[in-house]
Amino acid sequence: MPTRAGSFGIIAAAAALALANTSCHRHKHAAPDLSASQQPDQVLYEKAMEDIKNKRLEVARLTLQTLINAYPDSDYIERAKLAIADSRYHEGGSAGLAHAEAEYKDFITFFPNSPHAAYAQYQAAMTRYRQLEKPDRDHTDARRTEQEFQLLLKNFPESEYARDGALKLKEVQELLAEREFRIARFYFIKQSYGAAASRLEELAARYPNFSRSDEVLWMVARSFERMPLPNPERAALYYTRLVSEHPWSDHGEDAQERLLALSKPVPEP
């Protein structure tokens, strides 16, 4: 028969065993620690995405930069660099957009064959597009915007961004053409026909789809006729284009009359 002390020992051992079983059962059904099963670069990327979602952009960029520096061979590098650029773009402002453009261009340099390269080029153009000024302001941003959209259409003509890029390029070129037109018209009104013709010829060649191109052709033709040393051959060339390319122009009949006066054939519209 066990002694009293022995009985207490058996009870204590049983209690300890039960406690151990309970503990094991509880740990078996506890939520797993996901960070322990994920790669560190994945953890950093997901943390950054959560910070971006909650508008903690600076914190997110620091985390993404840590990922890039610590894991240069990570599968998340492309997404991390693009996320940094996007965070700058959505931050906005002249500084934010300038940083975004640099990041997008950097992405294209490092990952030219990435499926996201077209997106990066489109976004690089959009950073400039968002800063466009009116025609009478400095046109530096408009020129850069034109170049970036042209790069998009040249390098990624089949991308999903090409159609919108083409529409925005047309809008930007209209802005640039309007600026040049105003300057040329100023010279034309001042009867500085040489300066007017020079600008108008370049405008007609560079932006043939300008909404006021019929006026451009009319003014450049008149400029060549009115110069101190008239050039009727050049004038006739632009009258001919006006008649054939813009049959409904308000200057159409006048252009036909000038061609007849210069003894030149009048083309079919």
# chains A, B, ... in the order shown; residues from 1 in each chain; ligands from 1
>>> closest_atom_pairs(of="segment 83-111 of chain A", to="segment 138-153 of chain A", cutoff="12 Å", atoms="only C-alpha atoms", output="JSON lines")
{"residue": "A:Ser94", "atom": "CA", "partner": "A:Asp141", "partner_atom": "CA", "distance": 11.5}
{"residue": "A:Ala98", "atom": "CA", "partner": "A:Asp141", "partner_atom": "CA", "distance": 11.3}
{"residue": "A:Glu101", "atom": "CA", "partner": "A:Glu148", "partner_atom": "CA", "distance": 10.3}
{"residue": "A:Tyr104", "atom": "CA", "partner": "A:Glu148", "partner_atom": "CA", "distance": 11.5}
{"residue": "A:Lys105", "atom": "CA", "partner": "A:Glu148", "partner_atom": "CA", "distance": 10.2}
{"residue": "A:Ile108", "atom": "CA", "partner": "A:Leu152", "partner_atom": "CA", "distance": 11.5}
>>> residues_around(residues="segment 43-51 of chain A", least_positions_apart="5", cutoff="9 Å", atoms="only C-alpha atoms", output="PyMOL selection string")
chain A and resi 35+38+56-64+66-67+76+79-80+83
>>> write_last_selection(atoms="all heavy atoms", output="CSV table (one decimal), in the first residue's frame")
chain,number,residue,atom,x,y,z
A,35,SER,N,5.3,35.4,-40.1
A,35,SER,CA,6.6,35.9,-40.4
A,35,SER,C,7.7,34.9,-40.3
A,35,SER,O,8.7,35.0,-41.0
A,35,SER,CB,7.0,37.1,-39.4
A,35,SER,OG,7.0,36.6,-38.1
A,38,GLN,N,7.6,33.1,-43.8
A,38,GLN,CA,7.9,33.9,-45.0
A,38,GLN,C,9.4,34.3,-45.1
A,38,GLN,O,10.1,34.3,-44.1
A,38,GLN,CB,7.0,35.2,-45.0
A,38,GLN,CG,5.6,34.9,-45.1
A,38,GLN,CD,4.8,36.2,-44.9
A,38,GLN,OE1,5.2,37.1,-44.2
A,38,GLN,NE2,3.7,36.3,-45.6
A,56,ARG,N,1.4,56.0,-45.3
A,56,ARG,CA,2.6,56.2,-44.6
A,56,ARG,C,3.7,56.1,-45.6
A,56,ARG,O,4.5,55.1,-45.6
A,56,ARG,CB,2.8,55.3,-43.4
A,56,ARG,CG,1.8,55.5,-42.3
A,56,ARG,CD,2.1,54.6,-41.1
A,56,ARG,NE,1.9,53.2,-41.3
A,56,ARG,CZ,0.8,52.5,-41.1
A,56,ARG,NH1,-0.3,53.1,-40.6
A,56,ARG,NH2,0.8,51.2,-41.3
A,57,LEU,N,3.8,57.0,-46.5
A,57,LEU,CA,4.6,56.9,-47.7
A,57,LEU,C,6.1,56.9,-47.4
A,57,LEU,O,6.9,56.1,-48.0
A,57,LEU,CB,4.3,57.9,-48.7
A,57,LEU,CG,2.8,58.0,-49.2
A,57,LEU,CD1,2.6,59.1,-50.2
A,57,LEU,CD2,2.5,56.6,-49.8
A,58,GLU,N,6.5,57.8,-46.5
A,58,GLU,CA,8.0,57.9,-46.2
A,58,GLU,C,8.5,56.6,-45.5
A,58,GLU,O,9.5,56.1,-45.8
A,58,GLU,CB,8.2,59.1,-45.3
A,58,GLU,CG,9.7,59.5,-45.2
A,58,GLU,CD,10.4,59.8,-46.5
A,58,GLU,OE1,9.8,60.4,-47.3
A,58,GLU,OE2,11.6,59.4,-46.6
A,59,VAL,N,7.7,56.1,-44.6
A,59,VAL,CA,8.0,54.9,-43.9
A,59,VAL,C,8.1,53.7,-44.9
A,59,VAL,O,9.0,52.9,-44.9
A,59,VAL,CB,7.0,54.6,-42.8
A,59,VAL,CG1,7.3,53.2,-42.2
A,59,VAL,CG2,7.0,55.7,-41.7
A,60,ALA,N,7.1,53.7,-45.8
A,60,ALA,CA,7.1,52.6,-46.8
A,60,ALA,C,8.4,52.7,-47.7
A,60,ALA,O,9.0,51.6,-48.0
A,60,ALA,CB,5.9,52.7,-47.7
A,61,ARG,N,8.8,53.9,-48.1
A,61,ARG,CA,10.0,54.0,-49.0
A,61,ARG,C,11.2,53.6,-48.2
A,61,ARG,O,12.1,52.9,-48.9
A,61,ARG,CB,10.1,55.4,-49.5
A,61,ARG,CG,9.1,55.8,-50.6
A,61,ARG,CD,9.5,57.1,-51.2
A,61,ARG,NE,9.3,58.3,-50.4
A,61,ARG,CZ,8.1,59.0,-50.4
A,61,ARG,NH1,7.1,58.6,-51.1
A,61,ARG,NH2,8.0,60.0,-49.6
A,62,LEU,N,11.3,53.9,-47.0
A,62,LEU,CA,12.5,53.4,-46.2
A,62,LEU,C,12.5,51.9,-46.1
A,62,LEU,O,13.6,51.3,-46.3
A,62,LEU,CB,12.4,54.0,-44.8
A,62,LEU,CG,12.7,55.5,-44.7
A,62,LEU,CD1,12.4,56.0,-43.3
A,62,LEU,CD2,14.2,55.8,-45.1
A,63,THR,N,11.4,51.3,-45.9
A,63,THR,CA,11.3,49.8,-45.9
A,63,THR,C,11.7,49.2,-47.2
A,63,THR,O,12.4,48.2,-47.3
A,63,THR,CB,9.9,49.4,-45.5
A,63,THR,OG1,9.6,50.0,-44.2
A,63,THR,CG2,9.8,47.8,-45.4
A,64,LEU,N,11.1,49.8,-48.3
A,64,LEU,CA,11.4,49.3,-49.6
A,64,LEU,C,12.9,49.4,-50.0
A,64,LEU,O,13.5,48.5,-50.6
A,64,LEU,CB,10.6,50.0,-50.7
A,64,LEU,CG,9.1,49.6,-50.6
A,64,LEU,CD1,8.3,50.6,-51.4
A,64,LEU,CD2,8.8,48.2,-51.1
A,66,THR,N,15.3,49.4,-47.8
A,66,THR,CA,16.0,48.4,-47.0
A,66,THR,C,16.0,47.1,-47.8
A,66,THR,O,17.0,46.4,-47.8
A,66,THR,CB,15.3,48.3,-45.7
A,66,THR,OG1,15.4,49.5,-45.0
A,66,THR,CG2,16.0,47.2,-44.8
A,67,LEU,N,14.8,46.7,-48.3
A,67,LEU,CA,14.7,45.5,-49.1
A,67,LEU,C,15.7,45.5,-50.2
A,67,LEU,O,16.4,44.5,-50.5
A,67,LEU,CB,13.3,45.4,-49.6
A,67,LEU,CG,12.8,44.1,-50.2
A,67,LEU,CD1,11.3,44.0,-50.3
A,67,LEU,CD2,13.3,43.9,-51.7
A,76,TYR,N,11.5,40.5,-55.4
A,76,TYR,CA,10.7,41.6,-55.1
A,76,TYR,C,11.3,42.9,-55.5
A,76,TYR,O,10.7,44.0,-55.3
A,76,TYR,CB,10.3,41.7,-53.6
A,76,TYR,CG,9.3,40.6,-53.2
A,76,TYR,CD1,9.8,39.4,-52.7
A,76,TYR,CD2,8.0,40.8,-53.2
A,76,TYR,CE1,8.9,38.3,-52.4
A,76,TYR,CE2,7.1,39.8,-52.9
A,76,TYR,CZ,7.6,38.6,-52.4
A,76,TYR,OH,6.7,37.6,-52.1
A,79,ARG,N,9.3,45.0,-58.1
A,79,ARG,CA,8.1,45.6,-57.5
A,79,ARG,C,8.4,46.7,-56.5
A,79,ARG,O,7.7,47.7,-56.4
A,79,ARG,CB,7.2,44.5,-56.9
A,79,ARG,CG,6.4,43.7,-57.9
A,79,ARG,CD,5.7,42.5,-57.2
A,79,ARG,NE,6.5,41.4,-57.0
A,79,ARG,CZ,6.1,40.2,-56.4
A,79,ARG,NH1,4.8,40.1,-56.1
A,79,ARG,NH2,6.9,39.2,-56.2
A,80,ALA,N,9.5,46.5,-55.8
A,80,ALA,CA,9.9,47.5,-54.8
A,80,ALA,C,10.3,48.8,-55.4
A,80,ALA,O,9.8,49.9,-55.0
A,80,ALA,CB,11.1,46.9,-53.9
A,83,ALA,N,7.2,50.5,-56.7
A,83,ALA,CA,6.4,51.0,-55.6
A,83,ALA,C,6.9,52.3,-55.1
A,83,ALA,O,6.2,53.2,-54.7
A,83,ALA,CB,6.3,49.9,-54.5
>>> select_by_dssp(residues="segment 95-235 of chain A", states="helix (DSSP H, G or I)", output="PyMOL selection string")
chain A and resi 95-110+117-129+140-155+162-189+193-206+213-226+232-235
>>> residues_around(residues="Pro230 of chain A", least_positions_apart="6", cutoff="12 Å", atoms="only C-alpha atoms", output="ChimeraX atom specification")
/A:193-194,197,220-224,236,262
>>> atom_distance(atom1="atom CA of Tyr161 of chain A", atom2="atom CA of Ala124 of chain A")
12.0 Å
>>> closest_residue(among="A:Ser159, A:Asp250, A:Thr127, A:Arg212", to="Gly93 of chain A", atoms="only C-alpha atoms")
A:Thr127
>>> closest_residue(among="A:Ile77, A:Leu229, A:Ala85, A:Ile189", to="Phe110 of chain A", atoms="only C-alpha atoms")
A:Ile77
>>> atom_distance(atom1="atom CA of Lys55 of chain A", atom2="atom CA of Tyr119 of chain A")
22.1 Å
>>> residues_around(residues="segment 238-248 of chain A", least_positions_apart="4", cutoff="12 Å", atoms="only C-alpha atoms", output="PDB file with N, CA and C atoms, in the first residue's frame")
ATOM      1  N   ALA A 197       7.695  83.708 -91.543  1.00  0.00           N
ATOM      2  CA  ALA A 197       7.764  82.560 -92.450  1.00  0.00           C
ATOM      3  C   ALA A 197       8.630  81.450 -91.873  1.00  0.00           C
ATOM      4  N   LEU A 200       6.616  79.745 -89.133  1.00  0.00           N
ATOM      5  CA  LEU A 200       5.428  79.086 -89.669  1.00  0.00           C
ATOM      6  C   LEU A 200       5.781  77.837 -90.478  1.00  0.00           C
ATOM      7  N   GLU A 201       6.875  77.895 -91.232  1.00  0.00           N
ATOM      8  CA  GLU A 201       7.307  76.706 -91.981  1.00  0.00           C
ATOM      9  C   GLU A 201       7.645  75.557 -91.034  1.00  0.00           C
ATOM     10  N   ALA A 204       4.407  74.194 -89.575  1.00  0.00           N
ATOM     11  CA  ALA A 204       3.660  73.371 -90.538  1.00  0.00           C
ATOM     12  C   ALA A 204       4.287  71.990 -90.701  1.00  0.00           C
ATOM     13  N   ALA A 205       5.614  71.936 -90.642  1.00  0.00           N
ATOM     14  CA  ALA A 205       6.307  70.659 -90.812  1.00  0.00           C
ATOM     15  C   ALA A 205       6.220  69.794 -89.564  1.00  0.00           C
ATOM     16  N   PRO A 208       1.635  68.997 -88.329  1.00  0.00           N
ATOM     17  CA  PRO A 208       0.663  69.062 -89.439  1.00  0.00           C
ATOM     18  C   PRO A 208      -0.781  68.864 -88.985  1.00  0.00           C
ATOM     19  N   ASN A 209      -0.975  68.289 -87.803  1.00  0.00           N
ATOM     20  CA  ASN A 209      -2.339  68.057 -87.313  1.00  0.00           C
ATOM     21  C   ASN A 209      -2.825  69.153 -86.364  1.00  0.00           C
ATOM     22  N   PHE A 210      -2.105  70.245 -86.308  1.00  0.00           N
ATOM     23  CA  PHE A 210      -2.510  71.385 -85.478  1.00  0.00           C
ATOM     24  C   PHE A 210      -3.892  71.855 -85.908  1.00  0.00           C
ATOM     25  N   SER A 211      -4.738  72.180 -84.946  1.00  0.00           N
ATOM     26  CA  SER A 211      -6.127  72.534 -85.251  1.00  0.00           C
ATOM     27  C   SER A 211      -6.257  73.803 -86.103  1.00  0.00           C
ATOM     28  N   ARG A 212      -5.212  74.625 -86.126  1.00  0.00           N
ATOM     29  CA  ARG A 212      -5.258  75.855 -86.917  1.00  0.00           C
ATOM     30  C   ARG A 212      -4.249  75.811 -88.062  1.00  0.00           C
ATOM     31  N   SER A 213      -4.002  74.622 -88.556  1.00  0.00           N
ATOM     32  CA  SER A 213      -2.966  74.473 -89.585  1.00  0.00           C
ATOM     33  C   SER A 213      -3.340  75.175 -90.883  1.00  0.00           C
ATOM     34  N   ASP A 214      -4.635  75.340 -91.164  1.00  0.00           N
ATOM     35  CA  ASP A 214      -5.004  76.075 -92.376  1.00  0.00           C
ATOM     36  C   ASP A 214      -4.568  77.538 -92.274  1.00  0.00           C
ATOM     37  N   GLU A 215      -4.681  78.111 -91.077  1.00  0.00           N
ATOM     38  CA  GLU A 215      -4.220  79.488 -90.866  1.00  0.00           C
ATOM     39  C   GLU A 215      -2.706  79.577 -90.998  1.00  0.00           C
ATOM     40  N   VAL A 216      -2.028  78.535 -90.507  1.00  0.00           N
ATOM     41  CA  VAL A 216      -0.574  78.492 -90.623  1.00  0.00           C
ATOM     42  C   VAL A 216      -0.164  78.523 -92.095  1.00  0.00           C
ATOM     43  N   LEU A 217      -0.800  77.693 -92.925  1.00  0.00           N
ATOM     44  CA  LEU A 217      -0.460  77.618 -94.342  1.00  0.00           C
ATOM     45  C   LEU A 217      -0.773  78.935 -95.059  1.00  0.00           C
ATOM     46  N   TRP A 218      -1.891  79.537 -94.697  1.00  0.00           N
ATOM     47  CA  TRP A 218      -2.255  80.808 -95.306  1.00  0.00           C
ATOM     48  C   TRP A 218      -1.231  81.895 -94.958  1.00  0.00           C
ATOM     49  N   MET A 219      -0.867  81.997 -93.693  1.00  0.00           N
ATOM     50  CA  MET A 219       0.050  83.047 -93.251  1.00  0.00           C
ATOM     51  C   MET A 219       1.455  82.851 -93.811  1.00  0.00           C
ATOM     52  N   VAL A 220       1.919  81.607 -93.891  1.00  0.00           N
ATOM     53  CA  VAL A 220       3.269  81.401 -94.418  1.00  0.00           C
ATOM     54  C   VAL A 220       3.307  81.711 -95.907  1.00  0.00           C
ATOM     55  N   ALA A 221       2.233  81.372 -96.634  1.00  0.00           N
ATOM     56  CA  ALA A 221       2.175  81.700 -98.058  1.00  0.00           C
ATOM     57  C   ALA A 221       2.171  83.209 -98.270  1.00  0.00           C
ATOM     58  N   ARG A 222       1.355  83.908 -97.479  1.00  0.00           N
ATOM     59  CA  ARG A 222       1.299  85.370 -97.593  1.00  0.00           C
ATOM     60  C   ARG A 222       2.636  86.008 -97.211  1.00  0.00           C
ATOM     61  N   SER A 223       3.304  85.406 -96.220  1.00  0.00           N
ATOM     62  CA  SER A 223       4.608  85.933 -95.804  1.00  0.00           C
ATOM     63  C   SER A 223       5.614  85.859 -96.955  1.00  0.00           C
ATOM     64  N   PHE A 224       5.631  84.720 -97.681  1.00  0.00           N
ATOM     65  CA  PHE A 224       6.567  84.583 -98.796  1.00  0.00           C
ATOM     66  C   PHE A 224       6.246  85.561 -99.924  1.00  0.00           C
ATOM     67  N   GLU A 225       4.987  85.900-100.088  1.00  0.00           N
ATOM     68  CA  GLU A 225       4.613  86.875-101.122  1.00  0.00           C
ATOM     69  C   GLU A 225       4.960  88.299-100.722  1.00  0.00           C
ATOM     70  N   ASN A 231       8.993  85.371-102.724  1.00  0.00           N
ATOM     71  CA  ASN A 231       9.298  84.031-103.214  1.00  0.00           C
ATOM     72  C   ASN A 231       7.974  83.376-103.618  1.00  0.00           C
ATOM     73  N   PRO A 232       7.506  83.653-104.829  1.00  0.00           N
ATOM     74  CA  PRO A 232       6.186  83.152-105.249  1.00  0.00           C
ATOM     75  C   PRO A 232       6.122  81.630-105.342  1.00  0.00           C
ATOM     76  N   GLU A 233       7.247  80.991-105.627  1.00  0.00           N
ATOM     77  CA  GLU A 233       7.235  79.538-105.713  1.00  0.00           C
ATOM     78  C   GLU A 233       6.934  78.907-104.350  1.00  0.00           C
ATOM     79  N   ARG A 234       7.580  79.428-103.315  1.00  0.00           N
ATOM     80  CA  ARG A 234       7.321  78.924-101.963  1.00  0.00           C
ATOM     81  C   ARG A 234       5.893  79.257-101.556  1.00  0.00           C
ATOM     82  N   GLY A 252      -9.756  79.069 -98.068  1.00  0.00           N
ATOM     83  CA  GLY A 252      -9.670  78.224 -99.259  1.00  0.00           C
ATOM     84  C   GLY A 252      -9.848  78.967-100.562  1.00  0.00           C
ATOM     85  N   GLU A 253     -10.909  79.764-100.671  1.00  0.00           N
ATOM     86  CA  GLU A 253     -11.177  80.493-101.919  1.00  0.00           C
ATOM     87  C   GLU A 253     -10.088  81.514-102.190  1.00  0.00           C
ATOM     88  N   ASP A 254      -9.625  82.195-101.133  1.00  0.00           N
ATOM     89  CA  ASP A 254      -8.552  83.185-101.306  1.00  0.00           C
ATOM     90  C   ASP A 254      -7.278  82.505-101.800  1.00  0.00           C
ATOM     91  N   ALA A 255      -7.005  81.296-101.280  1.00  0.00           N
ATOM     92  CA  ALA A 255      -5.813  80.565-101.711  1.00  0.00           C
ATOM     93  C   ALA A 255      -5.919  80.186-103.192  1.00  0.00           C
ATOM     94  N   GLN A 256      -7.114  79.795-103.612  1.00  0.00           N
ATOM     95  CA  GLN A 256      -7.303  79.458-105.031  1.00  0.00           C
ATOM     96  C   GLN A 256      -7.076  80.686-105.915  1.00  0.00           C
ATOM     97  N   GLU A 257      -7.574  81.833-105.483  1.00  0.00           N
ATOM     98  CA  GLU A 257      -7.390  83.064-106.245  1.00  0.00           C
ATOM     99  C   GLU A 257      -5.915  83.434-106.356  1.00  0.00           C
ATOM    100  N   ARG A 258      -5.169  83.231-105.244  1.00  0.00           N
ATOM    101  CA  ARG A 258      -3.745  83.557-105.269  1.00  0.00           C
ATOM    102  C   ARG A 258      -2.989  82.621-106.210  1.00  0.00           C
ATOM    103  N   LEU A 259      -3.394  81.360-106.256  1.00  0.00           N
ATOM    104  CA  LEU A 259      -2.753  80.414-107.176  1.00  0.00           C
ATOM    105  C   LEU A 259      -2.990  80.825-108.623  1.00  0.00           C
ATOM    106  N   LEU A 260      -4.201  81.258-108.935  1.00  0.00           N
ATOM    107  CA  LEU A 260      -4.509  81.710-110.290  1.00  0.00           C
ATOM    108  C   LEU A 260      -3.713  82.971-110.627  1.00  0.00           C
ATOM    109  N   ALA A 261      -3.582  83.869-109.632  1.00  0.00           N
ATOM    110  CA  ALA A 261      -2.822  85.099-109.853  1.00  0.00           C
ATOM    111  C   ALA A 261      -1.346  84.806-110.100  1.00  0.00           C
ATOM    112  N   LEU A 262      -0.859  83.730-109.512  1.00  0.00           N
ATOM    113  CA  LEU A 262       0.542  83.335-109.678  1.00  0.00           C
ATOM    114  C   LEU A 262       0.728  82.394-110.867  1.00  0.00           C
ATOM    115  N   LYS A 264      -0.529  79.415-111.271  1.00  0.00           N
ATOM    116  CA  LYS A 264      -0.283  78.056-110.799  1.00  0.00           C
ATOM    117  C   LYS A 264      -1.574  77.261-110.867  1.00  0.00           C
ATOM    118  N   PRO A 265      -1.495  75.952-111.082  1.00  0.00           N
ATOM    119  CA  PRO A 265      -2.716  75.142-111.139  1.00  0.00           C
ATOM    120  C   PRO A 265      -3.379  75.053-109.763  1.00  0.00           C
ATOM    121  N   VAL A 266      -4.688  75.033-109.800  1.00  0.00           N
ATOM    122  CA  VAL A 266      -5.454  74.873-108.552  1.00  0.00           C
ATOM    123  C   VAL A 266      -5.734  73.388-108.366  1.00  0.00           C
ATOM    124  N   PRO A 267      -5.282  72.799-107.274  1.00  0.00           N
ATOM    125  CA  PRO A 267      -5.462  71.348-107.083  1.00  0.00           C
ATOM    126  C   PRO A 267      -6.892  70.989-106.662  1.00  0.00           C
ATOM    127  N   GLU A 268      -7.217  69.729-106.866  1.00  0.00           N
ATOM    128  CA  GLU A 268      -8.479  69.231-106.359  1.00  0.00           C
ATOM    129  C   GLU A 268      -8.362  69.097-104.840  1.00  0.00           C
ATOM    130  N   PRO A 269      -9.429  69.409-104.114  1.00  0.00           N
ATOM    131  CA  PRO A 269      -9.381  69.264-102.662  1.00  0.00           C
ATOM    132  C   PRO A 269      -9.186  67.797-102.279  1.00  0.00           C
TER     133      PRO A 269
END
>>> atom_distance(atom1="atom CA of Arg185 of chain A", atom2="atom CA of Arg206 of chain A")
16.8 Å
